[in-house]
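Notes follow once the structure below has been shown.
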Amino acid sequence: MTCPHTGPFAHPDWVEPTPASTEGCQDCRAIGAVVWAHLRLCLSCGHVGCCDSSPHRHADEHARVERHPVMRSFEPGESWRWCYLDDRIV
């Protein structure tokens, strides 16, 4: 399943951004929070944020504030993508 927002990320020359953090949610760590459920990687800039099941929902906040709609799971063994604008897996 795709959406209009996955276009740039499906191009053959597109390279996934380097994760800005490998130590967990960047925003949680910045405020001293150490509990999150799962992590998401922003495919526009490499920001690593926590999922909607986490207390602070930083991936969702990042998508809204930065207008970066597509993230993928940053959990080991997972590669699915989520479009925050279309509210669906892509």
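Please note that chains go A, B, ... in the order of the structure tokens, that every chain numbers its residues from 1, and that ligands are numbered from 1 in the order shown.
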
Check your understanding: In chain A, what's alpha helix (DSSP H) per DSSP? Answer as a PyMOL selection string?
Key -> chain A and resi 7-10+26-31+58-66

Export of the given selection (N, CA and C atoms) as an mmCIF file, in the first residue's frame:
data_model
loop_
_atom_site.group_PDB
_atom_site.id
_atom_site.type_symbol
_atom_site.label_atom_id
_atom_site.label_comp_id
_atom_site.auth_asym_id
_atom_site.auth_seq_id
_atom_site.Cartn_x
_atom_site.Cartn_y
_atom_site.Cartn_z
ATOM 1 N N GLY A 7 6.208 8.809 -2.271
ATOM 2 C CA GLY A 7 6.890 8.964 -3.553
ATOM 3 C C GLY A 7 8.380 9.221 -3.455
ATOM 4 N N PRO A 8 8.802 10.266 -2.722
ATOM 5 C CA PRO A 8 10.243 10.550 -2.656
ATOM 6 C C PRO A 8 11.047 9.401 -2.037
ATOM 7 N N PHE A 9 10.426 8.640 -1.148
ATOM 8 C CA PHE A 9 11.135 7.581 -0.436
ATOM 9 C C PHE A 9 11.157 6.272 -1.220
ATOM 10 N N ALA A 10 10.430 6.215 -2.326
ATOM 11 C CA ALA A 10 10.386 5.006 -3.150
ATOM 12 C C ALA A 10 11.290 5.138 -4.381
ATOM 13 N N GLN A 26 15.175 10.665 20.880
ATOM 14 C CA GLN A 26 15.966 11.878 21.088
ATOM 15 C C GLN A 26 15.282 12.838 22.048
ATOM 16 N N ASP A 27 13.987 13.031 21.862
ATOM 17 C CA ASP A 27 13.251 14.016 22.648
ATOM 18 C C ASP A 27 13.050 13.552 24.084
ATOM 19 N N CYS A 28 12.784 12.278 24.279
ATOM 20 C CA CYS A 28 12.654 11.755 25.647
ATOM 21 C C CYS A 28 13.968 11.926 26.394
ATOM 22 N N ARG A 29 15.050 11.576 25.737
ATOM 23 C CA ARG A 29 16.359 11.696 26.386
ATOM 24 C C ARG A 29 16.656 13.153 26.739
ATOM 25 N N ALA A 30 16.232 14.087 25.881
ATOM 26 C CA ALA A 30 16.480 15.507 26.127
ATOM 27 C C ALA A 30 15.744 16.016 27.368
ATOM 28 N N ILE A 31 14.592 15.422 27.685
ATOM 29 C CA ILE A 31 13.834 15.862 28.862
ATOM 30 C C ILE A 31 14.042 14.934 30.058
ATOM 31 N N HIS A 58 6.575 11.374 20.720
ATOM 32 C CA HIS A 58 7.442 12.320 20.031
ATOM 33 C C HIS A 58 7.507 12.140 18.514
ATOM 34 N N ALA A 59 7.333 10.937 17.992
ATOM 35 C CA ALA A 59 7.353 10.751 16.538
ATOM 36 C C ALA A 59 6.183 11.492 15.908
ATOM 37 N N ASP A 60 5.022 11.387 16.503
ATOM 38 C CA ASP A 60 3.838 12.096 16.013
ATOM 39 C C ASP A 60 4.059 13.604 16.069
ATOM 40 N N GLU A 61 4.594 14.079 17.174
ATOM 41 C CA GLU A 61 4.865 15.516 17.324
ATOM 42 C C GLU A 61 5.853 15.991 16.252
ATOM 43 N N HIS A 62 6.905 15.220 16.034
ATOM 44 C CA HIS A 62 7.892 15.570 15.017
ATOM 45 C C HIS A 62 7.241 15.648 13.636
ATOM 46 N N ALA A 63 6.423 14.679 13.299
ATOM 47 C CA ALA A 63 5.757 14.669 11.991
ATOM 48 C C ALA A 63 4.891 15.915 11.804
ATOM 49 N N ARG A 64 4.157 16.302 12.845
ATOM 50 C CA ARG A 64 3.280 17.481 12.743
ATOM 51 C C ARG A 64 4.075 18.784 12.667
ATOM 52 N N VAL A 65 5.026 18.961 13.575
ATOM 53 C CA VAL A 65 5.768 20.222 13.660
ATOM 54 C C VAL A 65 6.673 20.422 12.444
ATOM 55 N N GLU A 66 7.393 19.389 12.057
ATOM 56 C CA GLU A 66 8.355 19.495 10.957
ATOM 57 C C GLU A 66 7.728 19.250 9.587
#

Review point. Do you know which residues are at most 12 Å from A:Ser79 counting only C-alpha atoms, after dropping those on the same chain fewer than 2 positions away, and could you put them as an NGL selection string?
Key: :A and (16 or 39-41 or 43 or 71-77 or 81-82 or 89-90)

Quick one: write out the picked residues with N, CA and C atoms as a PDB file, in the first residue's frame?
ATOM      1  N   GLU A  16      18.122   6.185   2.655  1.00  0.00           N
ATOM      2  CA  GLU A  16      17.540   6.399   3.983  1.00  0.00           C
ATOM      3  C   GLU A  16      18.478   7.267   4.822  1.00  0.00           C
ATOM      4  N   LEU A  39      10.234   2.761  18.818  1.00  0.00           N
ATOM      5  CA  LEU A  39      10.861   3.910  18.172  1.00  0.00           C
ATOM      6  C   LEU A  39      10.501   3.984  16.698  1.00  0.00           C
ATOM      7  N   ARG A  40      10.499   5.220  16.178  1.00  0.00           N
ATOM      8  CA  ARG A  40      10.210   5.487  14.773  1.00  0.00           C
ATOM      9  C   ARG A  40      11.327   6.352  14.202  1.00  0.00           C
ATOM     10  N   LEU A  41      11.715   6.094  12.946  1.00  0.00           N
ATOM     11  CA  LEU A  41      12.742   6.855  12.251  1.00  0.00           C
ATOM     12  C   LEU A  41      12.084   7.721  11.190  1.00  0.00           C
ATOM     13  N   LEU A  43      11.843   9.451   7.865  1.00  0.00           N
ATOM     14  CA  LEU A  43      12.500   9.187   6.596  1.00  0.00           C
ATOM     15  C   LEU A  43      12.898  10.463   5.866  1.00  0.00           C
ATOM     16  N   MET A  71       7.391   7.923   8.439  1.00  0.00           N
ATOM     17  CA  MET A  71       8.392   7.339   9.329  1.00  0.00           C
ATOM     18  C   MET A  71       8.331   5.836   9.166  1.00  0.00           C
ATOM     19  N   ARG A  72       9.417   5.190   9.553  1.00  0.00           N
ATOM     20  CA  ARG A  72       9.401   3.731   9.557  1.00  0.00           C
ATOM     21  C   ARG A  72       9.719   3.261  10.965  1.00  0.00           C
ATOM     22  N   SER A  73       9.345   2.027  11.223  1.00  0.00           N
ATOM     23  CA  SER A  73       9.676   1.441  12.516  1.00  0.00           C
ATOM     24  C   SER A  73      11.189   1.413  12.661  1.00  0.00           C
ATOM     25  N   PHE A  74      11.666   1.759  13.847  1.00  0.00           N
ATOM     26  CA  PHE A  74      13.099   1.705  14.130  1.00  0.00           C
ATOM     27  C   PHE A  74      13.379   0.579  15.116  1.00  0.00           C
ATOM     28  N   GLU A  75      12.521  -0.417  15.083  1.00  0.00           N
ATOM     29  CA  GLU A  75      12.680  -1.597  15.926  1.00  0.00           C
ATOM     30  C   GLU A  75      13.416  -2.684  15.134  1.00  0.00           C
ATOM     31  N   PRO A  76      14.276  -3.454  15.793  1.00  0.00           N
ATOM     32  CA  PRO A  76      15.011  -4.513  15.098  1.00  0.00           C
ATOM     33  C   PRO A  76      14.066  -5.481  14.376  1.00  0.00           C
ATOM     34  N   GLY A  77      14.390  -5.765  13.122  1.00  0.00           N
ATOM     35  CA  GLY A  77      13.624  -6.728  12.341  1.00  0.00           C
ATOM     36  C   GLY A  77      12.342  -6.184  11.719  1.00  0.00           C
ATOM     37  N   ARG A  81       6.398   1.132   7.203  1.00  0.00           N
ATOM     38  CA  ARG A  81       6.372   2.595   7.203  1.00  0.00           C
ATOM     39  C   ARG A  81       4.974   3.088   7.546  1.00  0.00           C
ATOM     40  N   TRP A  82       4.924   4.267   8.156  1.00  0.00           N
ATOM     41  CA  TRP A  82       3.653   4.883   8.549  1.00  0.00           C
ATOM     42  C   TRP A  82       3.601   6.301   8.022  1.00  0.00           C
ATOM     43  N   ILE A  89      -0.454   2.601   7.283  1.00  0.00           N
ATOM     44  CA  ILE A  89       0.780   1.936   6.896  1.00  0.00           C
ATOM     45  C   ILE A  89       0.944   2.078   5.395  1.00  0.00           C
ATOM     46  N   VAL A  90       2.173   2.368   4.980  1.00  0.00           N
ATOM     47  CA  VAL A  90       2.435   2.549   3.537  1.00  0.00           C
ATOM     48  C   VAL A  90       3.588   1.681   3.097  1.00  0.00           C
TER      49      VAL A  90
END

Point to revise | Best match for closeness to A:His56 among A:Ser44, A:Ala33, A:Pro69, A:Pro12, counting only C-alpha atoms | key: A:Ala33

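Distances here use only C-alpha atoms; by that measure, the residue among A:His5, A:Arg88, A:Arg67, A:Arg57 closest to A:Cys45 is A:Arg67.
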
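Among the candidates A:Val15, A:Ala20, A:Val35, A:His68, the residue lying nearest to A:Val48 is A:Ala20 (atoms considered: only C-alpha atoms).
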
Check your understanding: For the atom pair atom CA of A:Ser54 and atom CA of A:Trp14, what is the interatomic distance in Å to one decimal place?
Key ->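 Distance reported for this atom pair: 29.5 Å.
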
**Study point:** DSSP strand (DSSP E or B) residues within chain A, as a ChimeraX atom specification
**Key:** /A:39-42,48-50,70-73,81-83,88-89

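Coordinates place atom CA of A:Trp36 at a distance of 18.8 Å from atom CA of A:Tyr84.
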
Check your understanding: So what do you get for atom CA of A:Cys51 versus atom CA of A:Gly24, distance-wise?
Key -> 11.2 Å

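With only C-alpha atoms as the basis for measurement, A:Thr18 is the residue among A:Asp13, A:Thr18, A:Cys25, A:Val70 that approaches A:Gly46 most closely.
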